[in-house]
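Q: input-v6.pdb is reproduced below (PDB, C-alpha atoms, pLDDT in the B column).
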MODEL        1
ATOM      1  CA  MET A 281      -0.781  11.623 -14.525  1.00 96.00           C
ATOM      2  CA  LEU A 282      -1.341  12.138 -10.806  1.00 97.00           C
ATOM      3  CA  ILE A 283      -4.370  13.911  -9.350  1.00 97.00           C
ATOM      4  CA  THR A 284      -5.009  14.754  -5.700  1.00 98.00           C
ATOM      5  CA  ARG A 285      -8.192  15.602  -3.811  1.00 98.00           C
ATOM      6  CA  ARG A 286      -8.183  16.982  -0.248  1.00 98.00           C
ATOM      7  CA  LEU A 287     -10.987  16.362   2.240  1.00 98.00           C
ATOM      8  CA  GLU A 288     -11.288  17.273   5.912  1.00 98.00           C
ATOM      9  CA  PHE A 289     -13.045  15.693   8.871  1.00 98.00           C
ATOM     10  CA  ASP A 290     -13.095  15.892  12.653  1.00 98.00           C
ATOM     11  CA  ALA A 291     -12.521  12.905  14.898  1.00 98.00           C
ATOM     12  CA  GLY A 292     -11.429  11.989  18.383  1.00 98.00           C
ATOM     13  CA  HIS A 293      -8.878   9.398  19.453  1.00 97.00           C
ATOM     14  CA  ARG A 294      -6.275   8.575  22.021  1.00 96.00           C
ATOM     15  CA  ILE A 295      -2.965   6.747  21.992  1.00 96.00           C
ATOM     16  CA  PRO A 296      -3.357   4.566  25.095  1.00 94.00           C
ATOM     17  CA  ASN A 297       0.326   3.886  25.821  1.00 91.00           C
ATOM     18  CA  HIS A 298       1.663   7.322  24.873  1.00 91.00           C
ATOM     19  CA  GLY A 299       4.007   8.873  27.417  1.00 85.00           C
ATOM     20  CA  SER A 300       2.580  12.366  27.115  1.00 90.00           C
ATOM     21  CA  GLN A 301      -0.627  14.277  26.286  1.00 91.00           C
ATOM     22  CA  CYS A 302      -1.837  11.959  23.518  1.00 91.00           C
ATOM     23  CA  ARG A 303      -2.824   9.272  26.025  1.00 94.00           C
ATOM     24  CA  HIS A 304      -5.820  11.477  26.913  1.00 96.00           C
ATOM     25  CA  LEU A 305      -9.064  11.580  24.933  1.00 96.00           C
ATOM     26  CA  HIS A 306      -8.753  14.400  22.395  1.00 97.00           C
ATOM     27  CA  GLY A 307      -9.625  15.313  18.833  1.00 97.00           C
ATOM     28  CA  HIS A 308      -8.217  16.703  15.624  1.00 97.00           C
ATOM     29  CA  ARG A 309      -9.311  18.436  12.458  1.00 98.00           C
ATOM     30  CA  TYR A 310      -7.850  15.853  10.084  1.00 98.00           C
ATOM     31  CA  ALA A 311      -7.098  16.536   6.435  1.00 98.00           C
ATOM     32  CA  LEU A 312      -6.877  13.688   3.966  1.00 98.00           C
ATOM     33  CA  GLU A 313      -5.140  13.982   0.595  1.00 98.00           C
ATOM     34  CA  ILE A 314      -5.927  11.215  -1.880  1.00 98.00           C
ATOM     35  CA  THR A 315      -3.581  10.862  -4.857  1.00 98.00           C
ATOM     36  CA  LEU A 316      -4.624   8.694  -7.803  1.00 97.00           C
ATOM     37  CA  SER A 317      -2.776   7.876 -10.992  1.00 95.00           C
ATOM     38  CA  GLY A 318      -4.154   7.133 -14.406  1.00 94.00           C
ATOM     39  CA  ALA A 319      -4.221   8.136 -18.032  1.00 94.00           C
ATOM     40  CA  ILE A 320      -6.015  11.272 -19.112  1.00 95.00           C
ATOM     41  CA  VAL A 321      -9.287  10.316 -20.780  1.00 92.00           C
ATOM     42  CA  ALA A 322      -8.954  11.156 -24.483  1.00 92.00           C
ATOM     43  CA  THR A 323     -12.297   9.835 -25.718  1.00 92.00           C
ATOM     44  CA  GLU A 324     -13.950  12.597 -27.722  1.00 94.00           C
ATOM     45  CA  GLY A 325     -17.199  13.701 -26.102  1.00 92.00           C
ATOM     46  CA  ALA A 326     -16.662  11.679 -22.912  1.00 89.00           C
ATOM     47  CA  GLN A 327     -17.821  13.372 -19.720  1.00 90.00           C
ATOM     48  CA  GLU A 328     -14.302  13.030 -18.277  1.00 89.00           C
ATOM     49  CA  GLN A 329     -12.460  14.004 -21.482  1.00 93.00           C
ATOM     50  CA  GLY A 330      -9.220  15.719 -20.516  1.00 95.00           C
ATOM     51  CA  MET A 331      -9.332  14.369 -16.947  1.00 94.00           C
ATOM     52  CA  VAL A 332      -7.973  11.326 -15.155  1.00 94.00           C
ATOM     53  CA  MET A 333     -11.136  11.292 -13.046  1.00 92.00           C
ATOM     54  CA  ASP A 334     -13.636  13.943 -12.048  1.00 93.00           C
ATOM     55  CA  PHE A 335     -12.545  15.400  -8.693  1.00 96.00           C
ATOM     56  CA  SER A 336     -16.161  15.264  -7.496  1.00 96.00           C
ATOM     57  CA  ASP A 337     -16.108  11.474  -8.031  1.00 95.00           C
ATOM     58  CA  VAL A 338     -12.874  11.179  -6.030  1.00 96.00           C
ATOM     59  CA  LYS A 339     -14.640  13.039  -3.226  1.00 97.00           C
ATOM     60  CA  ALA A 340     -17.928  11.115  -3.449  1.00 97.00           C
ATOM     61  CA  ILE A 341     -16.233   7.718  -3.194  1.00 97.00           C
ATOM     62  CA  ALA A 342     -13.954   8.827  -0.346  1.00 98.00           C
ATOM     63  CA  ARG A 343     -16.883  10.256   1.592  1.00 98.00           C
ATOM     64  CA  GLU A 344     -18.988   7.137   1.094  1.00 98.00           C
ATOM     65  CA  VAL A 345     -16.422   4.571   2.212  1.00 98.00           C
ATOM     66  CA  LEU A 346     -14.325   6.515   4.724  1.00 98.00           C
ATOM     67  CA  VAL A 347     -14.816  10.194   5.501  1.00 98.00           C
ATOM     68  CA  ASP A 348     -18.505  10.090   6.455  1.00 98.00           C
ATOM     69  CA  ARG A 349     -17.799   7.052   8.666  1.00 98.00           C
ATOM     70  CA  TRP A 350     -14.870   8.668  10.480  1.00 98.00           C
ATOM     71  CA  ASP A 351     -16.185  12.248  10.634  1.00 98.00           C
ATOM     72  CA  HIS A 352     -17.282  13.215  14.147  1.00 98.00           C
ATOM     73  CA  ALA A 353     -16.542   9.695  15.363  1.00 98.00           C
ATOM     74  CA  PHE A 354     -14.213   8.490  18.054  1.00 98.00           C
ATOM     75  CA  LEU A 355     -11.515   6.293  16.505  1.00 98.00           C
ATOM     76  CA  VAL A 356     -10.499   3.723  19.098  1.00 98.00           C
ATOM     77  CA  TYR A 357      -8.123   0.756  19.179  1.00 98.00           C
ATOM     78  CA  GLU A 358      -9.967  -2.520  19.846  1.00 98.00           C
ATOM     79  CA  GLY A 359      -7.415  -3.345  22.562  1.00 97.00           C
ATOM     80  CA  ASP A 360      -8.172  -0.126  24.464  1.00 97.00           C
ATOM     81  CA  ARG A 361     -10.906  -1.906  26.421  1.00 97.00           C
ATOM     82  CA  VAL A 362     -11.545   0.902  28.934  1.00 96.00           C
ATOM     83  CA  VAL A 363     -12.408   3.381  26.168  1.00 97.00           C
ATOM     84  CA  VAL A 364     -14.168   0.808  23.960  1.00 98.00           C
ATOM     85  CA  ASP A 365     -16.422  -0.115  26.893  1.00 97.00           C
ATOM     86  CA  LEU A 366     -17.007   3.545  27.822  1.00 97.00           C
ATOM     87  CA  LEU A 367     -18.025   4.459  24.292  1.00 97.00           C
ATOM     88  CA  ALA A 368     -20.266   1.387  24.035  1.00 97.00           C
ATOM     89  CA  SER A 369     -22.132   2.628  27.117  1.00 97.00           C
ATOM     90  CA  LEU A 370     -23.046   5.909  25.412  1.00 97.00           C
ATOM     91  CA  PRO A 371     -26.353   5.668  23.511  1.00 97.00           C
ATOM     92  CA  ASP A 372     -25.972   6.122  19.753  1.00 96.00           C
ATOM     93  CA  HIS A 373     -22.333   7.210  20.037  1.00 97.00           C
ATOM     94  CA  LYS A 374     -20.470   7.258  16.731  1.00 98.00           C
ATOM     95  CA  THR A 375     -17.503   4.988  17.341  1.00 98.00           C
ATOM     96  CA  VAL A 376     -15.111   3.335  14.905  1.00 98.00           C
ATOM     97  CA  VAL A 377     -13.263   0.415  16.475  1.00 98.00           C
ATOM     98  CA  LEU A 378      -9.955  -0.211  14.714  1.00 98.00           C
ATOM     99  CA  PRO A 379      -7.598  -3.204  14.758  1.00 97.00           C
ATOM    100  CA  VAL A 380      -4.666  -0.794  15.300  1.00 97.00           C
ATOM    101  CA  VAL A 381      -3.792   2.069  17.646  1.00 98.00           C
ATOM    102  CA  PRO A 382      -5.154   5.218  15.919  1.00 98.00           C
ATOM    103  CA  THR A 383      -1.860   7.009  15.296  1.00 97.00           C
ATOM    104  CA  ALA A 384      -1.540   9.153  12.191  1.00 97.00           C
ATOM    105  CA  GLU A 385       0.559   6.399  10.625  1.00 98.00           C
ATOM    106  CA  HIS A 386      -1.983   3.661  11.273  1.00 98.00           C
ATOM    107  CA  LEU A 387      -4.910   5.829  10.202  1.00 98.00           C
ATOM    108  CA  ALA A 388      -3.132   6.636   6.928  1.00 98.00           C
ATOM    109  CA  GLU A 389      -2.562   2.903   6.336  1.00 98.00           C
ATOM    110  CA  GLU A 390      -6.196   2.065   7.148  1.00 98.00           C
ATOM    111  CA  ALA A 391      -7.432   4.856   4.892  1.00 98.00           C
ATOM    112  CA  PHE A 392      -5.196   3.614   2.067  1.00 98.00           C
ATOM    113  CA  ARG A 393      -6.496   0.051   2.436  1.00 97.00           C
ATOM    114  CA  ILE A 394     -10.156   1.148   2.449  1.00 97.00           C
ATOM    115  CA  LEU A 395      -9.830   3.664  -0.384  1.00 97.00           C
ATOM    116  CA  ASP A 396      -7.677   1.417  -2.567  1.00 96.00           C
ATOM    117  CA  ALA A 397     -10.370  -1.268  -2.501  1.00 95.00           C
ATOM    118  CA  ALA A 398     -13.109   1.262  -3.310  1.00 96.00           C
ATOM    119  CA  TYR A 399     -11.347   2.875  -6.285  1.00 94.00           C
ATOM    120  CA  ARG A 400     -10.302  -0.536  -7.665  1.00 92.00           C
ATOM    121  CA  GLU A 401     -13.872  -1.816  -7.373  1.00 92.00           C
ATOM    122  CA  ARG A 402     -15.322   1.111  -9.288  1.00 90.00           C
ATOM    123  CA  TYR A 403     -12.561   1.781 -11.816  1.00 87.00           C
ATOM    124  CA  GLY A 404     -10.755  -1.544 -12.155  1.00 80.00           C
ATOM    125  CA  GLY A 405      -7.258  -1.140 -13.501  1.00 80.00           C
ATOM    126  CA  ARG A 406      -7.865   2.299 -15.044  1.00 86.00           C
ATOM    127  CA  LEU A 407      -6.914   4.135 -11.843  1.00 91.00           C
ATOM    128  CA  GLY A 408      -4.443   3.419  -9.096  1.00 93.00           C
ATOM    129  CA  LEU A 409      -4.351   4.856  -5.598  1.00 96.00           C
ATOM    130  CA  GLN A 410      -0.777   6.033  -5.120  1.00 97.00           C
ATOM    131  CA  ARG A 411      -0.789   7.884  -1.830  1.00 98.00           C
ATOM    132  CA  VAL A 412      -2.930   8.797   1.122  1.00 98.00           C
ATOM    133  CA  ARG A 413      -1.564  11.669   3.174  1.00 98.00           C
ATOM    134  CA  LEU A 414      -3.278  12.151   6.525  1.00 98.00           C
ATOM    135  CA  TYR A 415      -2.666  15.422   8.349  1.00 98.00           C
ATOM    136  CA  GLU A 416      -3.244  15.115  12.073  1.00 97.00           C
ATOM    137  CA  THR A 417      -2.363  18.782  12.479  1.00 96.00           C
ATOM    138  CA  PRO A 418      -1.261  21.370   9.898  1.00 96.00           C
ATOM    139  CA  ASN A 419       2.364  20.529  10.785  1.00 97.00           C
ATOM    140  CA  ASN A 420       2.196  16.739  11.226  1.00 97.00           C
ATOM    141  CA  TRP A 421       1.186  14.080   8.720  1.00 98.00           C
ATOM    142  CA  ALA A 422       1.769  10.509   7.634  1.00 98.00           C
ATOM    143  CA  ASP A 423       1.920   9.149   4.103  1.00 98.00           C
ATOM    144  CA  ALA A 424       0.779   5.673   3.116  1.00 98.00           C
ATOM    145  CA  THR A 425       1.992   4.878  -0.383  1.00 97.00           C
ATOM    146  CA  ARG A 426       1.667   2.057  -2.854  1.00 92.00           C
ATOM    147  CA  ALA A 427       4.561  -0.343  -2.575  1.00 83.00           C
ATOM    148  CA  ALA A 428       6.600  -0.741  -5.733  1.00 67.00           C
ATOM    149  CA  ASP A 429       5.517  -3.828  -7.668  1.00 58.00           C
TER     150      ASP A 429
ENDMDL
END
Go ahead and express the file in the form of structure tokens.

A:
Amino acid sequence: MLITRRLEFDAGHRIPNHGSQCRHLHGHRYALEITLSGAIVATEGAQEQGMVMDFSDVKAIAREVLVDRWDHAFLVYEGDRVVVDLLASLPDHKTVVLPVVPTAEHLAEEAFRILDAAYRERYGGRLGLQRVRLYETPNNWADATRAAD
């Protein structure tokens, strides 16, 4: 069974070598869809009976390890020294320095890596993260999916 939870957050970024508008500092209202797979809990009387996982738990874990960290932050590539240094000069600025250029594709991959570790840690082999879909705009998104074993 597959279940999906959608969360939204706001963040700024720039694509430093982009040939058009995206090289400028700007922001997006991102949407994140998290798809997990697992068996439906059949244990009589269990709190999650009839569910793969409570959607509120999907949300709580995602917020704790990713969404609250990225929300209202500036997501910047560690190699973008001009912007990294500028943001470091701002007192108490919420900045997330990433090892990759913050394209939708890279952010989806980073989100998958972070979330996969969190769900595995808390649920072991009972659940599997299958896909993270990151919408940069309502019409543009990137999917990071589990590679076939």

Q: With only C-alpha atoms counted, which protein, DNA or RNA residues have an atom no more than 12 Å from (-12.7, 12.2, -12.1) in the file frame? Please answer as a count of residues only.

A: 32

Q: Hey, can you check how far atom CA of Val412 of chain A sits from atom CA of His386 of chain A?

A: 11.4 Å

Q: Residues proximal to (-4.6, 10.5, 23.5) were defined as those with any atom within 12 Å of that point in the file's coordinates, counting only C-alpha atoms. Which are they, as a list in words?

A: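 The residues that fall inside the cut-off are Ala291, Gly292, His293, Arg294, Ile295, Pro296, Asn297, His298, Gly299, Ser300, Gln301, Cys302, Arg303, His304, Leu305, His306, Gly307, His308, Phe354, Leu355, Val356, Tyr357, Asp360, Val363, Val381, Pro382, Thr383 and Ala384 of chain A.
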
Q: Check which residues satisfy the PyMOL selection byres ((chain A and resi 416) around 8) in the file shown, then give them as a count of residues only.

A: 12

Q: Using Å and a single decimal, report how far atom CA of Glu324 of chain A sits from atom CA of Leu409 of chain A.

A: 25.3 Å

Q: Take atom CA of Ser369 of chain A and atom CA of Trp350 of chain A and report the distance between them in Å, one decimal.

A: 19.1 Å

Q: Which residue out of A:Phe289, A:Val377, A:Leu312, A:Arg349 has the minimum interatomic distance to Arg361 of chain A when all atoms listed in the file are used?

A: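 Smallest distance to Arg361 of chain A is found for A:Val377.
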
Q: Using all atoms listed in the file, which of A:Met281, A:Leu366, A:Ile314, A:Val380 sits nearest Arg343 of chain A?

A: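 Selected residue with least distance to Arg343 of chain A: A:Ile314.
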
Q: If the box runs along x, y and z of the file and leaves 5 Å on each side of segment 353-364 of chain A, what are its centre and edge lengths in Å, one decimal, as JSON?

A:
{"center_x": -12.0, "center_y": 3.2, "center_z": 22.1, "size_x": 19.1, "size_y": 23.0, "size_z": 23.6}

Q: From the set A:Ala427, A:Leu367, A:Ala342, A:Ala322, which residue has the shortest atom-to-atom contact distance to Ile394 of chain A, counting only C-alpha atoms?

A: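 The answer is A:Ala342, which sits nearest to Ile394 of chain A.
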
Q: Which is closer to Leu346 of chain A than all the others in A:Glu390, A:Glu358, A:Ala424, A:Arg413, using only C-alpha atoms?

A: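 With only C-alpha atoms as the atom set, the closest residue is A:Glu390.
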
Q: Which one is closest to Pro379 of chain A: A:Ala353, A:Leu395, A:Val347, A:Val364? Count only C-alpha atoms.

A: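 Ranked by minimum distance to Pro379 of chain A, first place goes to A:Val364.
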
Q: From the list A:Arg426, A:Glu389, A:Val362, A:His352, which residue is nearest Thr375 of chain A when using only C-alpha atoms?

A: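 Closest to Thr375 of chain A of all the choices is A:His352.
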